[in-house]
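**Q** Contents of coords_34.cif (mmCIF, C-alpha atoms):
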```
data_entry
loop_
_atom_site.label_atom_id
_atom_site.label_comp_id
_atom_site.auth_asym_id
_atom_site.auth_seq_id
_atom_site.Cartn_x
_atom_site.Cartn_y
_atom_site.Cartn_z
CA MET A 1 69.25 80.67 130.65
CA ALA A 2 68.85 84.38 131.24
CA VAL A 3 72.03 86.31 132.05
CA ILE A 4 71.77 88.24 135.31
CA ALA A 5 74.12 91.02 136.38
CA GLU A 6 74.19 93.79 138.97
CA GLU A 7 74.91 97.53 138.78
CA VAL A 8 74.78 97.64 134.97
CA ASN A 9 75.07 101.16 133.57
CA LEU A 10 71.90 101.84 131.57
CA ALA A 11 73.50 104.62 129.51
CA GLY A 12 74.91 101.90 127.28
CA TYR A 13 71.39 100.64 126.56
CA THR A 14 69.71 103.91 125.56
CA THR A 15 70.04 105.96 122.38
CA LEU A 16 70.56 109.10 124.48
CA ARG A 17 73.53 107.41 126.19
CA LEU A 18 72.17 108.65 129.51
CA GLY A 19 71.18 106.94 132.75
CA GLY A 20 72.77 105.45 135.83
CA PRO A 21 73.07 101.81 136.95
CA ALA A 22 70.36 99.20 137.33
CA ARG A 23 70.46 97.34 140.62
CA LYS A 24 69.68 94.10 138.77
CA PHE A 25 69.86 93.57 135.01
CA VAL A 26 68.39 90.50 133.29
CA GLU A 27 69.23 89.73 129.65
CA ALA A 28 66.26 87.62 128.49
CA THR A 29 66.36 85.94 125.08
CA THR A 30 63.24 83.76 125.26
CA GLU A 31 59.62 84.47 126.14
CA GLU A 32 59.91 82.14 129.11
CA GLU A 33 62.93 84.05 130.43
CA VAL A 34 61.13 87.38 130.05
CA VAL A 35 58.07 86.20 131.96
CA ALA A 36 60.13 84.45 134.65
CA ALA A 37 62.17 87.61 135.28
CA VAL A 38 59.02 89.73 135.46
CA ARG A 39 57.36 87.30 137.87
CA ASP A 40 60.46 87.16 140.08
CA ALA A 41 60.49 90.95 140.35
CA ASP A 42 56.76 91.05 141.08
CA ASP A 43 57.04 88.31 143.69
CA ALA A 44 59.86 90.23 145.39
CA GLY A 45 57.80 93.43 145.30
CA GLU A 46 60.55 95.39 143.62
CA PRO A 47 60.39 97.98 140.81
CA LEU A 48 60.49 96.63 137.26
CA LEU A 49 61.63 98.22 134.01
CA VAL A 50 61.16 96.30 130.75
CA LEU A 51 63.68 97.65 128.25
CA GLY A 52 64.01 97.10 124.51
CA GLY A 53 66.14 99.27 122.25
CA GLY A 54 66.19 102.17 124.70
CA SER A 55 65.15 104.65 122.01
CA ASN A 56 62.19 106.18 123.83
CA VAL A 57 63.30 106.41 127.46
CA VAL A 58 65.02 108.98 129.64
CA VAL A 59 66.64 107.31 132.65
CA ALA A 60 67.63 109.13 135.84
CA ASP A 61 71.30 109.79 136.54
CA GLY A 62 70.83 107.78 139.70
CA GLY A 63 69.78 104.76 137.68
CA PHE A 64 67.02 102.29 138.52
CA ALA A 65 66.71 100.72 141.98
CA GLY A 66 65.04 97.54 140.81
CA THR A 67 65.10 94.91 138.07
CA VAL A 68 65.63 95.79 134.42
CA VAL A 69 64.54 93.09 131.97
CA HIS A 70 66.26 93.61 128.63
CA VAL A 71 64.11 91.90 126.00
CA GLY A 72 66.21 90.14 123.38
CA THR A 73 63.72 87.62 121.96
CA ARG A 74 64.03 86.91 118.24
CA GLY A 75 61.85 85.45 115.51
CA THR A 76 59.61 86.43 112.62
CA GLU A 77 57.05 84.15 110.95
CA ARG A 78 54.13 84.32 108.55
CA VAL A 79 51.16 82.91 110.41
CA ALA A 80 48.13 83.54 108.16
CA ALA A 81 46.87 85.04 104.93
CA GLU A 82 43.65 86.92 104.31
CA GLY A 83 43.02 88.12 100.74
CA ASP A 84 46.04 90.20 99.77
CA ARG A 85 47.08 90.53 103.42
CA VAL A 86 49.75 88.45 105.10
CA HIS A 87 49.83 88.21 108.89
CA VAL A 88 53.40 88.34 110.22
CA ARG A 89 54.11 87.64 113.88
CA VAL A 90 57.28 89.23 115.25
CA GLN A 91 58.93 88.70 118.62
CA ALA A 92 59.19 91.77 120.83
CA GLY A 93 62.99 91.77 120.87
CA GLU A 94 63.43 92.04 117.10
CA ASP A 95 64.98 95.31 115.99
CA TRP A 96 62.36 97.40 114.20
CA ASP A 97 64.18 98.83 111.18
CA PRO A 98 65.67 95.52 109.98
CA PHE A 99 62.12 94.12 110.11
CA VAL A 100 60.87 97.05 107.98
CA ALA A 101 63.73 96.48 105.54
CA ARG A 102 62.77 92.80 105.18
CA CYS A 103 59.14 93.75 104.55
CA ALA A 104 60.19 96.14 101.78
CA SER A 105 62.43 93.54 100.13
CA ASP A 106 59.81 90.78 100.49
CA GLY A 107 56.99 92.79 98.91
CA LEU A 108 54.99 93.45 102.08
CA ALA A 109 53.53 96.96 102.27
CA GLY A 110 52.25 98.84 105.29
CA VAL A 111 55.29 99.84 107.35
CA GLU A 112 57.67 101.23 104.71
CA CYS A 113 57.15 104.84 105.87
CA LEU A 114 58.29 103.79 109.35
CA SER A 115 61.80 103.11 108.08
CA GLY A 116 64.77 104.26 110.12
CA ILE A 117 62.96 104.38 113.46
CA PRO A 118 65.23 102.97 116.19
CA GLY A 119 64.09 100.55 118.87
CA ARG A 120 62.50 97.13 118.95
CA VAL A 121 59.20 95.66 117.82
CA GLY A 122 57.77 95.32 121.33
CA ALA A 123 57.75 99.10 121.77
CA THR A 124 55.80 99.86 118.59
CA PRO A 125 52.27 99.21 119.89
CA ILE A 126 52.91 100.97 123.21
CA GLN A 127 53.03 104.46 121.76
CA ASN A 128 51.49 103.59 118.39
CA VAL A 129 54.73 104.44 116.61
CA GLY A 130 54.17 106.57 113.54
CA ALA A 131 55.90 108.74 110.95
CA TYR A 132 55.35 110.16 107.48
CA GLY A 133 51.66 109.35 107.39
CA GLN A 134 51.76 105.80 108.76
CA ASP A 135 51.07 104.43 112.26
CA VAL A 136 51.64 100.84 113.36
CA GLY A 137 48.06 100.81 114.65
CA GLU A 138 46.93 100.66 111.02
CA THR A 139 48.57 97.26 110.51
CA ILE A 140 48.65 95.63 113.96
CA VAL A 141 46.00 92.94 114.33
CA ALA A 142 47.10 91.34 117.61
CA VAL A 143 49.49 91.86 120.52
CA ARG A 144 50.42 88.97 122.79
CA ALA A 145 51.44 90.09 126.24
CA TYR A 146 51.97 88.95 129.79
CA ASP A 147 49.37 90.49 132.09
CA ARG A 148 51.12 91.26 135.38
CA ARG A 149 47.86 91.94 137.21
CA ASP A 150 46.21 88.63 136.33
CA ARG A 151 49.52 86.73 135.96
CA ALA A 152 48.37 85.36 132.62
CA TRP A 153 49.19 85.42 128.92
CA VAL A 154 46.70 87.49 126.92
CA THR A 155 46.11 88.42 123.29
CA LEU A 156 44.66 91.84 122.52
CA GLY A 157 43.12 92.58 119.15
CA ARG A 158 43.44 95.91 117.38
CA ASP A 159 40.30 97.39 118.96
CA GLU A 160 41.37 96.28 122.44
CA CYS A 161 44.72 98.04 121.92
CA ARG A 162 42.80 101.37 121.70
CA PHE A 163 45.26 103.06 119.39
CA THR A 164 45.21 106.84 119.19
CA TYR A 165 47.88 109.40 118.33
CA ARG A 166 51.07 108.16 120.06
CA ASN A 167 49.00 106.28 122.58
CA SER A 168 47.47 102.88 123.33
CA VAL A 169 46.12 100.74 126.15
CA PHE A 170 49.74 99.77 126.92
CA LYS A 171 51.02 103.30 127.57
CA GLY A 172 51.06 105.03 130.92
CA HIS A 173 51.13 101.94 133.12
CA SER A 174 53.09 98.69 133.42
CA ARG A 175 50.33 96.09 133.47
CA TYR A 176 51.23 94.47 130.15
CA VAL A 177 54.62 93.18 128.99
CA VAL A 178 54.53 92.86 125.19
CA LEU A 179 55.78 89.47 123.98
CA ASP A 180 55.03 89.54 120.24
CA VAL A 181 53.13 91.61 117.71
CA THR A 182 51.20 90.47 114.62
CA TYR A 183 50.97 92.80 111.62
CA ALA A 184 48.66 92.50 108.61
CA LEU A 185 50.71 93.59 105.59
CA ARG A 186 49.62 93.88 101.98
CA GLU A 187 51.38 91.70 99.40
CA SER A 188 52.54 94.24 96.85
CA GLU A 189 55.67 95.75 95.32
CA GLU A 190 54.03 99.16 95.74
CA SER A 191 53.74 101.24 98.88
CA GLN A 192 50.60 102.23 100.66
CA PRO A 193 49.27 105.57 99.33
CA ILE A 194 51.74 108.31 100.19
CA ALA A 195 49.88 110.42 102.73
CA TYR A 196 52.52 112.84 104.00
CA ALA A 197 53.07 116.00 101.96
CA GLU A 198 56.80 116.31 102.66
CA LEU A 199 57.38 112.71 101.57
CA ALA A 200 55.24 113.18 98.45
CA ARG A 201 57.35 116.20 97.50
CA ARG A 202 60.56 114.25 98.00
CA LEU A 203 59.21 111.45 95.81
CA ASP A 204 57.83 113.96 93.27
CA VAL A 205 54.37 112.40 93.40
CA ARG A 206 50.94 113.58 94.48
CA PRO A 207 49.55 112.67 97.91
CA GLY A 208 47.62 109.43 97.48
CA ASP A 209 49.96 108.04 94.83
CA ARG A 210 51.88 104.79 95.32
CA VAL A 211 55.54 104.16 94.60
CA ALA A 212 57.85 101.15 94.72
CA LEU A 213 58.42 99.94 98.27
CA LYS A 214 62.18 100.44 98.04
CA GLU A 215 61.67 103.93 96.66
CA ALA A 216 59.41 104.86 99.58
CA ARG A 217 61.82 103.38 102.14
CA ASP A 218 64.84 105.11 100.61
CA ALA A 219 63.06 108.46 100.56
CA VAL A 220 62.00 108.16 104.21
CA LEU A 221 65.54 107.22 105.24
CA GLU A 222 66.89 110.21 103.34
CA LEU A 223 64.45 112.56 105.06
CA ARG A 224 65.16 111.11 108.49
CA ARG A 225 68.94 111.30 108.02
CA GLY A 226 68.58 114.94 107.10
CA LYS A 227 66.89 115.49 110.47
CA GLY A 228 69.36 113.41 112.47
CA MET A 229 66.72 110.76 113.09
CA VAL A 230 68.68 107.72 111.90
CA LEU A 231 71.19 106.42 114.43
CA ASP A 232 74.78 107.17 113.40
CA PRO A 233 77.64 106.81 115.94
CA ALA A 234 79.56 109.48 114.05
CA ASP A 235 76.74 112.05 114.29
CA PRO A 236 76.08 113.54 117.78
CA ASP A 237 72.72 114.85 116.56
CA THR A 238 71.43 111.28 116.49
CA ARG A 239 72.20 110.76 120.18
CA SER A 240 68.61 111.49 121.13
CA ALA A 241 65.27 109.88 121.95
CA GLY A 242 63.83 111.03 118.63
CA SER A 243 61.06 113.58 118.90
CA PHE A 244 61.06 114.72 122.51
CA PHE A 245 57.61 116.34 122.39
CA THR A 246 54.40 115.15 120.76
CA ASN A 247 52.46 117.37 118.38
CA PRO A 248 49.78 119.14 120.45
CA ILE A 249 46.13 118.35 119.73
CA LEU A 250 44.04 121.39 120.61
CA GLU A 251 40.45 121.89 121.66
CA PRO A 252 38.61 124.66 119.73
CA GLU A 253 39.16 127.21 122.49
CA GLN A 254 42.87 126.35 122.67
CA LEU A 255 43.14 126.74 118.90
CA ALA A 256 41.53 130.18 119.11
CA GLU A 257 44.00 131.21 121.80
CA LEU A 258 46.90 129.99 119.65
CA GLU A 259 45.57 131.96 116.67
CA ARG A 260 45.42 135.09 118.84
CA ARG A 261 48.94 134.64 120.16
CA VAL A 262 50.44 133.86 116.76
CA ALA A 263 48.92 137.04 115.34
CA GLU A 264 50.14 139.03 118.33
CA ARG A 265 53.68 137.64 118.19
CA LEU A 266 54.25 137.14 114.46
CA GLY A 267 51.80 139.48 112.79
CA PRO A 268 48.18 139.32 111.58
CA ASP A 269 49.07 137.47 108.38
CA ALA A 270 51.11 134.74 110.10
CA THR A 271 49.89 131.17 109.76
CA PHE A 272 50.83 127.95 111.51
CA PRO A 273 50.48 124.23 110.69
CA ARG A 274 47.07 122.81 111.48
CA TYR A 275 45.66 119.37 110.80
CA PRO A 276 41.96 118.74 111.58
CA GLU A 277 41.20 115.67 113.68
CA ALA A 278 38.05 113.57 113.23
CA ASP A 279 36.78 114.54 116.69
CA GLY A 280 36.77 118.27 115.96
CA ARG A 281 40.11 119.03 117.54
CA THR A 282 43.14 120.29 115.63
CA LYS A 283 46.70 119.02 115.64
CA THR A 284 49.55 121.49 115.25
CA SER A 285 53.32 121.18 114.97
CA ALA A 286 55.47 121.08 118.09
CA ALA A 287 58.56 121.76 115.97
CA TRP A 288 56.96 124.93 114.55
CA LEU A 289 56.02 126.15 118.03
CA ILE A 290 59.51 125.50 119.40
CA ASP A 291 61.19 127.30 116.53
CA ARG A 292 58.85 130.32 116.62
CA ALA A 293 59.22 130.55 120.39
CA GLY A 294 62.89 131.33 119.80
CA PHE A 295 64.58 127.94 120.12
CA ALA A 296 66.61 127.43 116.97
CA LYS A 297 68.37 124.28 115.86
CA GLY A 298 71.52 123.82 117.93
CA HIS A 299 70.14 125.83 120.85
CA GLY A 300 71.58 125.01 124.25
CA THR A 301 73.73 126.77 126.82
CA GLY A 302 74.67 123.59 128.69
CA PRO A 303 75.95 120.11 127.82
CA ALA A 304 72.57 119.14 126.27
CA ARG A 305 71.29 120.89 123.17
CA ILE A 306 68.57 120.92 120.55
CA SER A 307 69.66 118.95 117.49
CA GLY A 308 71.37 120.97 114.80
CA LYS A 309 69.07 119.26 112.30
CA HIS A 310 65.64 119.16 113.95
CA THR A 311 64.10 121.27 116.71
CA LEU A 312 62.08 118.35 118.10
CA ALA A 313 65.14 116.32 119.09
CA LEU A 314 66.99 117.05 122.32
CA THR A 315 70.47 115.58 122.19
CA ASN A 316 73.40 114.52 124.31
CA PRO A 317 76.44 115.51 122.21
CA GLY A 318 78.75 113.63 124.53
CA ASP A 319 79.10 114.79 128.13
CA ALA A 320 75.56 115.67 129.22
CA ARG A 321 73.70 114.18 132.16
CA THR A 322 70.01 113.39 132.32
CA ALA A 323 69.59 116.44 134.56
CA ASP A 324 71.05 118.63 131.79
CA LEU A 325 68.66 117.21 129.22
CA LEU A 326 65.66 117.78 131.48
CA ASP A 327 66.76 121.36 132.19
CA LEU A 328 66.74 121.99 128.45
CA ALA A 329 63.36 120.29 128.02
CA ARG A 330 61.88 122.46 130.78
CA GLU A 331 63.33 125.59 129.18
CA VAL A 332 61.76 124.72 125.82
CA ARG A 333 58.41 123.74 127.36
CA ALA A 334 58.22 126.96 129.38
CA GLY A 335 59.22 129.05 126.38
CA VAL A 336 56.48 127.60 124.20
CA ARG A 337 53.92 127.99 126.99
CA ASP A 338 54.86 131.63 127.52
CA ALA A 339 54.86 132.44 123.81
CA PHE A 340 51.81 130.52 122.62
CA GLY A 341 49.90 129.20 125.63
CA VAL A 342 50.43 125.59 124.52
CA GLU A 343 51.74 122.98 126.98
CA LEU A 344 54.11 120.55 125.28
CA VAL A 345 54.04 116.92 126.43
CA ASN A 346 57.09 114.69 126.40
CA GLU A 347 57.03 111.64 124.13
CA PRO A 348 59.79 109.54 125.78
CA VAL A 349 59.03 107.59 128.92
CA LEU A 350 60.66 109.15 131.99
CA ILE A 351 62.29 106.65 134.36
CA GLY A 352 62.98 107.92 137.85
CA VAL A 353 62.61 111.57 136.81
CA THR A 354 59.86 114.09 136.17
CA LEU A 355 59.65 116.99 133.77
#
```
Translate the structure of the given file into structure tokens.
**A**
Amino acid sequence: MAVIAEEVNLAGYTTLRLGGPARKFVEATTEEEVVAAVRDADDAGEPLLVLGGGSNVVVADGGFAGTVVHVGTRGTERVAAEGDRVHVRVQAGEDWDPFVARCASDGLAGVECLSGIPGRVGATPIQNVGAYGQDVGETIVAVRAYDRRDRAWVTLGRDECRFTYRNSVFKGHSRYVVLDVTYALRESEESQPIAYAELARRLDVRPGDRVALKEARDAVLELRRGKGMVLDPADPDTRSAGSFFTNPILEPEQLAELERRVAERLGPDATFPRYPEADGRTKTSAAWLIDRAGFAKGHGTGPARISGKHTLALTNPGDARTADLLDLAREVRAGVRDAFGVELVNEPVLIGVTL
């Protein structure tokens, strides 16, 4: 039976350690409990927040005046095989990094470069979680969800999920509640081809090479720890929501404006990171823009600050409020806009607040 409580402080359920109380808090450990709690909230016409590991949310200081369903479902099973691919179905409440660790130890390749990412499995398809050259959209073959609009269980295949950079059919609205996710992983002791230049350098291989799964995982964890991106209670720099801003994807005219502003601000020979997209647009680095706009690691005049290890992470070292964090985010966003004409977009989901 689901455990129901009132006025539960949500700060204890987010990696930022920020957020006020939930009017009603439901701890659901089975699929049936999750759906029942969602239906009860919908029937009562009250706001609903489905919460997993709390690693990608910013919750208002005033909390949430509705029902929070904390998804704690567990279970992982192999459900099919197709050539050298194994289909693994994982319940939404499973913690993500322990699942990745099991895949690496069991000889299942495809998610090893996503090591060290906090949160739970159910969140991974929502924003098409990715890092170091891998996205979950590359391996997800099906997502089972509860459709709140039609009050029915549905299964969406990869194409129906409409995965793009940090986006999917699940993001930006609350129609679907993810129940489980099925991944197609390759049976191998070797990683997928190493696609990310920084990771290839750390591994001392060429982009496109493969390495042992454990070697790839260990290297990713090492890189992430160096950026404060692996949760550590002893390290205030890890008290964040990960990357706070997504990497901008620019139209040709926006790219030309950025080129002009970079030359004007940093000199005619200055260059910036650029990664061509298949649709003719160009992705650039939010971290580079933030740094060159004058926001160094550790920047912050209030209780919230930029991580001392990575300019993309905004942190709560211990006594910040959500309002403090948002003030810092607005300062950074405005600074980048003024310097380079690029509008940064937040990656975490904002609950009860706006940026």
**Q** If the PyMOL selection byres ((chain A and resi 133) around 12) were run on this exact file, what residues would it hold? Put them as a PyMOL selection string.
**A** chain A and resi 110-115+129-132+134-138+165+191-200+207-208+216+220
**Q** A:Pro273, A:Pro248, A:Gly294, A:Gly107: which is nearest Arg186 in chain A, counting only C-alpha atoms?
**A**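 Looking only at the distances to Arg186 in chain A, the closest residue turns out to be A:Gly107.
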**Q** Distance CA of Gly302 in chain A-CA of Arg330 in chain A, one decimal place?
**A**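 Between CA of Gly302 in chain A and CA of Arg330 in chain A the gap works out to 13.0 Å.
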**Q** Excluding Ile290 in chain A and residues on its chain fewer than 2 positions from it, collect all residues at most 9 Å away from it, counting all atoms listed in the file, and give them as a list in words.
**A**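 Counting only the stated atoms, we get Ser285, Ala286, Ala287, Trp288, Arg292, Ala293, Gly294, Phe295, Ala296, Thr311, Leu312, Val332, Arg333, Gly335 and Val336 of chain A.
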**Q** Neighbours of Arg39 in chain A within 12 Å (only C-alpha atoms; same-chain residues fewer than 5 positions away dropped), as a PDB file with C-alpha atoms, in the frame of the given file?
**A**
```pdb
ATOM      1  CA  GLU A  32      59.910  82.140 129.110  1.00  0.00           C
ATOM      2  CA  GLU A  33      62.930  84.050 130.430  1.00  0.00           C
ATOM      3  CA  VAL A  34      61.130  87.380 130.050  1.00  0.00           C
ATOM      4  CA  ALA A  44      59.860  90.230 145.390  1.00  0.00           C
ATOM      5  CA  GLY A  45      57.800  93.430 145.300  1.00  0.00           C
ATOM      6  CA  GLU A  46      60.550  95.390 143.620  1.00  0.00           C
ATOM      7  CA  PRO A  47      60.390  97.980 140.810  1.00  0.00           C
ATOM      8  CA  LEU A  48      60.490  96.630 137.260  1.00  0.00           C
ATOM      9  CA  THR A  67      65.100  94.910 138.070  1.00  0.00           C
ATOM     10  CA  VAL A  69      64.540  93.090 131.970  1.00  0.00           C
ATOM     11  CA  TYR A 146      51.970  88.950 129.790  1.00  0.00           C
ATOM     12  CA  ASP A 147      49.370  90.490 132.090  1.00  0.00           C
ATOM     13  CA  ARG A 148      51.120  91.260 135.380  1.00  0.00           C
ATOM     14  CA  ARG A 149      47.860  91.940 137.210  1.00  0.00           C
ATOM     15  CA  ASP A 150      46.210  88.630 136.330  1.00  0.00           C
ATOM     16  CA  ARG A 151      49.520  86.730 135.960  1.00  0.00           C
ATOM     17  CA  ALA A 152      48.370  85.360 132.620  1.00  0.00           C
ATOM     18  CA  VAL A 177      54.620  93.180 128.990  1.00  0.00           C
TER      19      VAL A 177
END
```
**Q** For the interface of range 230-348 of chain A with range 7-30 of chain A (cut-off 7 Å, counting only C-alpha atoms), please tabulate each contacting residue of range 230-348 of chain A alongside its nearest pair of atoms and their separation in Å to one decimal, rows sorted by chain and increasing number, as JSON lines.
**A**
```
{"residue": "A:Arg239", "atom": "CA", "partner": "A:Leu16", "partner_atom": "CA", "distance": 4.9}
{"residue": "A:Ser240", "atom": "CA", "partner": "A:Leu16", "partner_atom": "CA", "distance": 4.6}
{"residue": "A:Ala241", "atom": "CA", "partner": "A:Leu16", "partner_atom": "CA", "distance": 5.9}
{"residue": "A:Thr315", "atom": "CA", "partner": "A:Leu16", "partner_atom": "CA", "distance": 6.9}
{"residue": "A:Asn316", "atom": "CA", "partner": "A:Leu16", "partner_atom": "CA", "distance": 6.1}
{"residue": "A:Arg321", "atom": "CA", "partner": "A:Leu18", "partner_atom": "CA", "distance": 6.3}
{"residue": "A:Thr322", "atom": "CA", "partner": "A:Leu18", "partner_atom": "CA", "distance": 5.9}
```
**Q** Using all atoms listed in the file for the distances, tell me which of A:Val211, A:Ile351, A:Gln127, A:Val181 is nearest to Leu51 in chain A.
**A** A:Ile351
**Q** Tell me, in Å to one decimal, how far CA of Gly54 in chain A is from CA of Asp95 in chain A.
**A**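 Answer for the CA of Gly54 in chain A to CA of Asp95 in chain A separation: 11.2 Å.
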**Q** Carefully work through the PyMOL selection byres ((chain A and resi 271) around 12) for this structure and note down the residues it includes, as a ChimeraX atom specification.
**A** /A:258-270,272-274,284-285,288-289,292
**Q** When you draw a straight line from CA of Ala41 in chain A to CA of Ala92 in chain A, how long is it in Å?
**A**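 Result for CA of Ala41 in chain A versus CA of Ala92 in chain A: 19.6 Å, one decimal.
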**Q** On this structure, which residues satisfy the PyMOL selection byres ((chain A and resi 180) around 10), written as a VMD selection string?
**A** chain A and resid 31 73 to 76 89 to 94 121 to 122 142 to 145 155 177 to 179 181 to 182
